[in-house]
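Undergrad: Sharing coords15.cif here; it has mmCIF, C-alpha atoms and all ligand atoms.
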data_input
loop_
_atom_site.label_atom_id
_atom_site.label_comp_id
_atom_site.auth_asym_id
_atom_site.auth_seq_id
_atom_site.Cartn_x
_atom_site.Cartn_y
_atom_site.Cartn_z
CA MET Z 28 39.81 7.65 -24.01
CA ASP Z 29 42.54 9.91 -22.69
CA LEU Z 30 42.44 11.01 -19.08
CA ARG Z 31 41.59 14.63 -19.88
CA SER Z 32 38.42 13.41 -21.67
CA ARG Z 33 37.58 11.10 -18.77
CA LEU Z 34 37.95 14.01 -16.32
CA ALA Z 35 35.53 16.04 -18.44
CA ASP Z 36 32.99 13.20 -18.27
CA ARG Z 37 30.20 13.59 -15.70
CA ARG Z 38 30.50 10.00 -14.42
CA PRO Z 39 32.40 9.72 -11.10
CA LEU Z 40 35.99 8.54 -11.56
CA LEU Z 41 37.39 5.86 -9.23
CA PHE Z 42 40.96 6.13 -7.98
CA ASP Z 43 42.68 3.32 -6.08
CA GLY Z 44 43.13 2.77 -2.36
CA ALA Z 45 46.16 3.17 -0.10
CA LEU Z 46 49.57 1.83 -1.09
CA GLY Z 47 51.98 2.68 1.75
CA SER Z 48 49.74 1.75 4.67
CA GLU Z 49 48.60 -1.38 2.81
CA LEU Z 50 52.23 -2.53 2.54
CA THR Z 51 52.47 -2.16 6.32
CA ARG Z 52 49.19 -4.03 6.79
CA ARG Z 53 50.54 -6.89 4.64
CA GLY Z 54 53.64 -7.17 6.81
CA ILE Z 55 56.09 -5.38 4.47
CA GLN Z 56 58.63 -3.12 6.19
CA THR Z 57 57.93 0.58 5.52
CA PRO Z 58 60.42 2.40 7.79
CA LEU Z 59 60.58 6.20 7.60
CA PRO Z 60 62.01 8.23 5.91
CA LEU Z 61 61.54 6.02 2.81
CA TRP Z 62 58.18 4.44 3.68
CA SER Z 63 56.78 2.87 0.48
CA ALA Z 64 60.03 3.63 -1.39
CA ALA Z 65 61.76 1.05 0.81
CA ALA Z 66 59.44 -1.58 -0.65
CA LEU Z 67 60.34 -0.48 -4.18
CA ARG Z 68 63.87 -1.63 -3.33
CA ASP Z 69 63.05 -4.68 -1.23
CA ALA Z 70 59.56 -5.95 -2.09
CA PRO Z 71 58.40 -4.73 -5.53
CA ALA Z 72 56.17 -7.80 -5.96
CA ALA Z 73 54.11 -6.67 -2.97
CA ILE Z 74 53.54 -3.28 -4.61
CA ALA Z 75 52.52 -4.97 -7.86
CA ALA Z 76 50.09 -7.19 -5.93
CA ILE Z 77 48.42 -4.20 -4.24
CA HIS Z 78 48.05 -2.33 -7.55
CA HIS Z 79 46.61 -5.51 -9.09
CA ASP Z 80 44.10 -5.93 -6.25
CA HIS Z 81 42.98 -2.31 -6.64
CA VAL Z 82 42.39 -2.76 -10.38
CA VAL Z 83 40.50 -6.02 -9.85
CA ALA Z 84 38.39 -4.14 -7.27
CA GLY Z 85 37.50 -1.59 -9.95
CA ALA Z 86 40.02 1.28 -9.73
CA GLU Z 87 40.32 3.21 -13.00
CA VAL Z 88 43.37 5.17 -11.87
CA VAL Z 89 46.34 3.57 -10.13
CA THR Z 90 48.62 5.84 -8.09
CA THR Z 91 52.38 5.24 -8.19
CA ALA Z 92 54.40 4.34 -5.09
CA THR Z 93 56.44 7.53 -5.50
CA PHE Z 94 55.44 9.27 -2.27
CA ARG Z 95 59.05 9.13 -1.07
CA THR Z 96 61.11 8.44 -4.22
CA THR Z 97 62.70 11.84 -3.73
CA ARG Z 98 66.37 12.74 -3.65
CA ARG Z 99 65.71 14.28 -0.23
CA ALA Z 100 64.27 11.10 1.35
CA LEU Z 101 66.93 8.90 -0.26
CA ALA Z 102 69.71 11.20 0.96
CA LYS Z 103 68.28 11.01 4.49
CA SER Z 104 68.29 7.21 4.23
CA GLY Z 105 71.99 7.19 3.34
CA SER Z 106 71.74 6.47 -0.40
CA PRO Z 107 75.18 6.96 -2.04
CA ASP Z 108 73.61 8.51 -5.18
CA PRO Z 109 70.16 9.95 -4.34
CA ALA Z 110 69.57 11.49 -7.79
CA ALA Z 111 70.20 8.26 -9.70
CA GLU Z 112 68.31 6.15 -7.20
CA ALA Z 113 65.33 8.54 -7.16
CA ARG Z 114 65.08 8.28 -10.92
CA ARG Z 115 65.49 4.49 -10.89
CA LEU Z 116 62.90 3.89 -8.14
CA THR Z 117 60.43 6.34 -9.72
CA SER Z 118 60.72 4.51 -13.04
CA ARG Z 119 60.25 1.17 -11.27
CA ALA Z 120 57.16 2.50 -9.45
CA VAL Z 121 55.57 3.61 -12.72
CA ASP Z 122 56.35 0.24 -14.34
CA LEU Z 123 54.74 -1.57 -11.39
CA ALA Z 124 51.62 0.61 -11.65
CA ARG Z 125 51.42 0.03 -15.39
CA SER Z 126 51.73 -3.74 -14.90
CA ALA Z 127 48.40 -3.75 -13.03
CA GLY Z 128 46.58 -2.96 -16.27
CA SER Z 129 44.55 0.06 -15.18
CA PRO Z 130 43.44 2.56 -17.81
CA TRP Z 131 45.41 5.42 -16.25
CA ILE Z 132 48.37 6.05 -13.94
CA ALA Z 133 48.66 8.98 -11.53
CA GLY Z 134 52.17 9.96 -10.45
CA SER Z 135 52.10 10.79 -6.74
CA ILE Z 136 54.00 13.86 -5.50
CA ALA Z 137 53.89 14.40 -1.72
CA PRO Z 138 55.19 17.12 0.61
CA LEU Z 139 58.99 17.10 0.68
CA GLU Z 140 58.96 16.82 4.47
CA ASP Z 141 56.24 15.53 6.84
CA CYS Z 142 52.68 15.50 5.42
CA TYR Z 143 51.24 16.61 8.75
CA GLU Z 144 53.84 19.21 9.80
CA PRO Z 145 53.35 22.53 7.92
CA ALA Z 146 56.19 24.11 9.93
CA LEU Z 147 58.71 21.81 8.20
CA VAL Z 148 57.93 23.00 4.63
CA PRO Z 149 61.20 24.16 2.98
CA ASP Z 150 61.75 27.56 1.33
CA ASP Z 151 60.19 28.33 -2.06
CA ALA Z 152 63.32 27.88 -4.19
CA THR Z 153 63.92 24.45 -2.65
CA LEU Z 154 60.28 23.46 -3.22
CA VAL Z 155 60.33 24.37 -6.91
CA ARG Z 156 63.69 22.71 -7.52
CA GLU Z 157 63.00 19.44 -5.71
CA HIS Z 158 59.39 18.99 -6.85
CA GLY Z 159 60.68 19.66 -10.37
CA TRP Z 160 63.07 16.71 -10.09
CA LEU Z 161 60.31 14.23 -9.20
CA ALA Z 162 57.79 15.69 -11.65
CA ARG Z 163 60.27 15.27 -14.51
CA ASP Z 164 61.19 11.73 -13.46
CA LEU Z 165 57.47 10.82 -13.37
CA ALA Z 166 56.79 12.45 -16.74
CA ASP Z 167 59.76 10.67 -18.31
CA ALA Z 168 58.48 7.35 -16.91
CA GLY Z 169 55.12 7.91 -18.66
CA VAL Z 170 52.40 8.73 -16.13
CA ASP Z 171 49.05 10.14 -17.36
CA LEU Z 172 48.51 12.64 -14.54
CA LEU Z 173 50.61 14.27 -11.86
CA LEU Z 174 48.92 14.03 -8.45
CA VAL Z 175 50.24 16.60 -6.00
CA GLU Z 176 48.61 15.23 -2.85
CA THR Z 177 48.41 15.52 0.92
CA MET Z 178 49.51 19.17 0.69
CA ASN Z 179 49.36 20.89 4.09
CA THR Z 180 50.33 24.44 2.99
CA LEU Z 181 49.28 26.63 0.08
CA ARG Z 182 52.93 27.60 -0.49
CA GLU Z 183 54.10 24.03 -1.16
CA ALA Z 184 50.98 23.20 -3.18
CA VAL Z 185 51.58 26.13 -5.53
CA ALA Z 186 55.31 25.40 -5.85
CA ALA Z 187 54.68 21.71 -6.59
CA ALA Z 188 51.88 22.61 -9.00
CA ARG Z 189 54.19 24.92 -10.98
CA ALA Z 190 56.88 22.25 -11.11
CA ALA Z 191 54.31 19.67 -12.25
CA ARG Z 192 52.68 21.94 -14.85
CA ALA Z 193 56.10 22.51 -16.46
CA THR Z 194 55.92 18.87 -17.67
CA GLY Z 195 52.74 19.57 -19.70
CA LEU Z 196 50.86 16.73 -18.00
CA PRO Z 197 47.36 17.16 -16.48
CA LEU Z 198 47.58 18.02 -12.80
CA MET Z 199 45.43 17.29 -9.77
CA VAL Z 200 46.22 18.93 -6.41
CA SER Z 201 44.78 17.66 -3.13
CA PHE Z 202 44.95 19.06 0.40
CA VAL Z 203 45.06 17.50 3.85
CA CYS Z 204 42.74 19.44 6.15
CA THR Z 205 41.96 19.86 9.83
CA SER Z 206 39.49 17.49 11.43
CA ASP Z 207 38.28 19.61 14.35
CA ALA Z 208 34.51 19.49 13.92
CA THR Z 209 34.02 22.56 16.15
CA ALA Z 210 36.16 24.99 14.07
CA PRO Z 211 36.04 26.08 10.42
CA PRO Z 212 37.88 23.56 8.20
CA ARG Z 213 41.33 24.71 7.05
CA LEU Z 214 44.49 23.33 5.49
CA LEU Z 215 46.72 21.99 8.27
CA SER Z 216 48.63 25.28 7.92
CA GLY Z 217 45.50 27.14 9.02
CA GLU Z 218 44.96 28.64 5.55
CA PRO Z 219 41.36 28.72 4.23
CA VAL Z 220 40.36 26.01 1.76
CA ALA Z 221 38.70 28.56 -0.54
CA ALA Z 222 41.90 30.62 -0.82
CA ALA Z 223 43.84 27.46 -1.68
CA ALA Z 224 41.27 26.52 -4.32
CA ARG Z 225 41.44 29.96 -5.97
CA ALA Z 226 45.24 29.94 -6.02
CA LEU Z 227 45.44 26.49 -7.58
CA LEU Z 228 42.73 27.19 -10.16
CA ALA Z 229 44.96 30.05 -11.31
CA GLU Z 230 47.76 27.49 -11.81
CA GLY Z 231 45.72 25.57 -14.39
CA VAL Z 232 44.88 22.42 -12.42
CA ALA Z 233 42.69 19.75 -14.04
CA ALA Z 234 41.21 18.71 -10.68
CA LEU Z 235 41.35 19.61 -6.98
CA GLY Z 236 40.72 17.47 -3.92
CA ILE Z 237 40.72 16.82 -0.20
CA ASN Z 238 42.62 13.73 0.98
CA CYS Z 239 44.19 12.03 3.99
CA THR Z 240 41.61 13.69 6.20
CA PRO Z 241 39.52 11.49 8.55
CA VAL Z 242 36.40 10.11 6.88
CA PRO Z 243 33.90 11.50 9.46
CA THR Z 244 34.95 15.15 8.90
CA LEU Z 245 36.09 15.19 5.26
CA HIS Z 246 32.73 16.52 4.06
CA ARG Z 247 33.41 19.86 5.78
CA PRO Z 248 36.55 20.99 3.85
CA LEU Z 249 35.06 19.33 0.75
CA ALA Z 250 32.03 21.63 0.97
CA GLU Z 251 34.32 24.68 1.06
CA LEU Z 252 36.36 23.36 -1.86
CA LEU Z 253 33.30 22.63 -4.00
CA GLN Z 254 31.85 26.07 -3.33
CA ALA Z 255 35.11 27.83 -4.26
CA VAL Z 256 35.68 25.71 -7.36
CA ALA Z 257 32.10 26.23 -8.60
CA ALA Z 258 32.35 23.28 -11.02
CA ARG Z 259 35.25 24.77 -13.01
CA VAL Z 260 37.19 21.52 -12.47
CA PRO Z 261 36.16 18.16 -10.98
CA CYS Z 262 36.80 17.70 -7.23
CA ALA Z 263 38.15 14.62 -5.49
CA ALA Z 264 37.61 13.16 -2.01
CA TYR Z 265 39.65 10.34 -0.53
CA GLY Z 266 39.85 10.01 3.23
CA ASN Z 267 41.97 8.07 5.67
CA VAL Z 268 41.20 5.34 8.20
CA GLY Z 269 43.55 5.06 11.17
CA HIS Z 270 46.30 7.34 12.43
CA THR Z 271 49.94 8.35 11.84
CA ASP Z 272 52.79 6.31 13.27
CA ALA Z 273 56.24 7.78 14.02
CA ILE Z 274 58.15 4.65 12.97
CA GLN Z 275 56.33 3.05 10.03
CA GLY Z 276 54.22 6.01 8.85
CA TRP Z 277 50.67 4.78 9.46
CA THR Z 278 48.68 2.52 11.76
CA CYS Z 279 45.61 0.98 10.12
CA THR Z 280 42.44 0.49 12.16
CA THR Z 281 39.04 -1.04 11.52
CA ASP Z 282 37.25 2.21 12.42
CA CYS Z 283 35.69 2.59 8.99
CA PRO Z 284 34.93 -0.70 7.22
CA PRO Z 285 34.29 -0.75 3.44
CA ALA Z 286 30.49 -0.39 3.66
CA ALA Z 287 30.78 2.59 6.00
CA TYR Z 288 33.44 4.15 3.76
CA ALA Z 289 31.20 3.75 0.70
CA HIS Z 290 28.33 5.32 2.64
CA ALA Z 291 30.52 8.34 3.41
CA ALA Z 292 31.67 8.50 -0.23
CA ALA Z 293 28.05 8.50 -1.39
CA GLY Z 294 27.69 11.65 0.68
CA TRP Z 295 30.78 13.23 -0.91
CA ILE Z 296 29.37 12.47 -4.37
CA ALA Z 297 25.98 13.89 -3.37
CA GLN Z 298 27.83 17.06 -2.31
CA GLY Z 299 29.37 17.27 -5.80
CA ALA Z 300 32.65 15.31 -5.71
CA ARG Z 301 33.37 13.61 -9.05
CA ILE Z 302 36.51 11.65 -8.07
CA VAL Z 303 36.69 9.23 -5.13
CA GLY Z 304 39.22 6.72 -3.87
CA GLY Z 305 40.93 5.78 -0.63
CA CYS Z 306 43.85 7.27 1.29
CA CYS Z 307 45.90 5.81 4.16
CA GLY Z 308 44.35 2.82 5.85
CA THR Z 309 41.94 1.90 3.03
CA THR Z 310 42.11 -1.49 1.30
CA ALA Z 311 41.06 -3.12 -1.97
CA ASP Z 312 37.79 -3.99 -0.21
CA HIS Z 313 37.16 -0.27 0.27
CA VAL Z 314 37.78 0.26 -3.47
CA ALA Z 315 35.41 -2.62 -4.29
CA ALA Z 316 32.72 -1.03 -2.11
CA LEU Z 317 33.21 2.27 -3.98
CA ALA Z 318 33.01 0.46 -7.32
CA ALA Z 319 29.72 -1.15 -6.27
CA LEU Z 320 28.46 2.30 -5.28
CA LEU Z 321 29.46 3.91 -8.60
CA ARG Z 322 28.57 1.03 -10.90
CA PRO Z 323 25.87 -1.02 -9.16
CA THR Z 324 24.74 -2.63 -12.41
CA ASP Z 325 28.18 -4.25 -12.86
CA ALA Z 326 27.77 -6.30 -9.70
ZN ZN V 401 46.89 9.30 3.33
#
Hey, can you dump this file as structure tokens for me?
Ligand SMILES: [Zn+2]

TA:
Amino acid sequence: MDLRSRLADRRPLLFDGALGSELTRRGIQTPLPLWSAAALRDAPAAIAAIHHDHVVAGAEVVTTATFRTTRRALAKSGSPDPAAEARRLTSRAVDLARSAGSPWIAGSIAPLEDCYEPALVPDDATLVREHGWLARDLADAGVDLLLVETMNTLREAVAAARAARATGLPLMVSFVCTSDATAPPRLLSGEPVAAAARALLAEGVAALGINCTPVPTLHRPLAELLQAVAARVPCAAYGNVGHTDAIQGWTCTTDCPPAAYAHAAAGWIAQGARIVGGCCGTTADHVAALAALLRPTDA
């Protein structure tokens, strides 16, 4: 079955868990600005092992370690040839994902700057040009879907979506949202979720989602997304466990163990989400708990 057919299926689709924060948890160095891309250079076997563990746990879609395989991040790190190295590391990331044996591979495209700092988003021409570079490298390496994720502004989400759509691949776009339970949920930029959903539907997305938002509050922006989307495309929910870290990117915590995560995900599915997985701080055990939730008869 191709991924477009699977997305049209009513059965919930299971993505994998975290890659970057899991490298940190396993003791692999993930210094910023390269984060998981540093491990593509120095510890590719650890990335392969995490992908493998996610597939064994039941993930149908494996997400590439391409969050920071950008010319921009490599230039910041001092790479002598950022364009060539971005292409080489992106290709290696896709090969490592494919080696895990999952049915489908999602090529991750993240904000060019900090995921949680909307004020740092570059100008539109830069966004289109630089997201276009990574989207083409991912398409050339053979991914099944482009996953524009952890978007904190509508402007960057639309620019990245246009760059991704130019490849002809199916596209999913996911937003990181506020977690203040006393105020209406918004993108981190303050823009309404419904406005973001409408704008991205007009760009021809195959799916939309909310990700890297704390598990206890993710249902709030998800509700706004589902209402705005009105079942025109499937919606995804994959939350985080832990908090950001200025040096290594993420600090994992035990705040939301696998059973509790699966309980929350059951709520997201009851709301109408059709795609679930795990963002920063989740493990293969979280994926296994989701798999048991989605396919209890397999256990
Ligand atoms: Zn995350």

Undergrad: Within 9 Å of ligand ZN 401 (chain V), which residues show up when you count all atoms listed in the file? List them as a ChimeraX atom specification, please.

TA: /Z:45,47-48,142,176-177,203,238-240,265-268,277,305-309

Undergrad: Need the shell around Leu67 in chain Z: protein/DNA/RNA residues with any atom at most 8 Å away, counting all atoms listed in the file. Skip same-chain ones fewer than 6 positions apart. Format as a PyMOL selection string?

TA: chain Z and resi 74+92+116+119-120

Undergrad: I'd like the neighbourhood of Glu251 in chain Z as a CSV table (one decimal) with C-alpha atoms, keeping the file's coordinate frame, where a residue qualifies if any of its atoms comes within 9 Å (using all atoms listed in the file), though same-chain residues fewer than 4 positions away should be ignored.

TA:
chain,number,residue,atom,x,y,z
Z,212,PRO,CA,37.9,23.6,8.2
Z,219,PRO,CA,41.4,28.7,4.2
Z,220,VAL,CA,40.4,26.0,1.8
Z,221,ALA,CA,38.7,28.6,-0.5
Z,224,ALA,CA,41.3,26.5,-4.3
Z,246,HIS,CA,32.7,16.5,4.1
Z,247,ARG,CA,33.4,19.9,5.8
Z,255,ALA,CA,35.1,27.8,-4.3
Z,256,VAL,CA,35.7,25.7,-7.4

Undergrad: Give the answer as one residue: which of Z:Cys279, Z:Ala35, Z:Ala100, Z:Asp80 has the shortest atom-to-atom distance to Ala65 in chain Z, using all atoms listed in the file?

TA: Z:Ala100

Undergrad: Using CA of Asp207 in chain Z and CA of Asp272 in chain Z as the two end points, give the distance in Å to one decimal.

TA: 19.7 Å

Undergrad: Looking at all atoms listed in the file, which of Z:Thr153, Z:Gln254, Z:Thr281, Z:Ser126 is the one that sits closest to Glu140 in chain Z?

TA: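 Looking at the shortest contact to Glu140 in chain Z, the residue is Z:Thr153.
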
Undergrad: Show which residues sit within 12 Å of Asn179 in chain Z, as a ChimeraX atom specification. Count all atoms listed in the file, and ignore same-chain residues fewer than 4 positions away.

TA: /Z:137-148,175,183-185,187,200-205,213-220,223,237-240

Undergrad: Nearest to Ala292 in chain Z: which of Z:Ala273, Z:Val242, Z:Met178, Z:Ala124 is it, counting all atoms listed in the file?

TA: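 Among the listed residues, the smallest separation from Ala292 in chain Z belongs to Z:Val242.
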
Undergrad: Would you kindly identify which residues have an atom no farther than 7 Å from (47.3, 19.3, -15.7), using all atoms listed in the file and the file's own coordinates, and write them out as a VMD selection string?

TA: chain Z and resid 172 192 195 to 199 231 to 233

Undergrad: Within 7 Å of Pro285 in chain Z, counting only C-alpha atoms, which residues qualify if same-chain residues fewer than 4 places away don't, as a CSV table (one decimal) with C-alpha atoms, in the frame of the given file?

TA:
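Heads up, here's the output in out.csv:
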chain,number,residue,atom,x,y,z
Z,289,ALA,CA,31.2,3.8,0.7
Z,312,ASP,CA,37.8,-4.0,-0.2
Z,313,HIS,CA,37.2,-0.3,0.3
Z,316,ALA,CA,32.7,-1.0,-2.1

Undergrad: Rounded to one decimal in Å, what is the spacing between CA of His81 in chain Z and CA of Ala311 in chain Z?

TA: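 Separation between CA of His81 in chain Z and CA of Ala311 in chain Z: 5.1 Å.
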
Undergrad: What does the structure give for the distance between CA of Leu181 in chain Z and CA of Thr194 in chain Z, in Å to one decimal?

TA: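 If I compute the distance from CA of Leu181 in chain Z to CA of Thr194 in chain Z, I get 20.5 Å.
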
Undergrad: Which is closer to Ala133 in chain Z than all the others in Z:Asp151, Z:Ala318, Z:Val83, Z:Thr91, using all atoms listed in the file?

TA: Z:Thr91

Undergrad: Might you pull out every residue within 7 Å of Pro39 in chain Z, with all atoms listed in the file counted and same-chain residues fewer than 2 positions away left off, and present them as a list in words?

TA: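 So, after excluding close chain neighbours, the residues are Arg37, Leu41, Arg301, Ile302 and Leu321 of chain Z.
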
Undergrad: Counting only C-alpha atoms, figure out which residue out of Z:Thr93, Z:Gln275, Z:Thr209, Z:Ser118 gets nearest to Trp62 in chain Z.

TA: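 Closest candidate: Z:Gln275.
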
Undergrad: Counting all atoms listed in the file, which residue out of Z:Gly269, Z:Trp160, Z:Ala110, Z:Arg95 sits closest to Pro58 in chain Z?

TA: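 Under the stated criterion, the closest residue is Z:Arg95.
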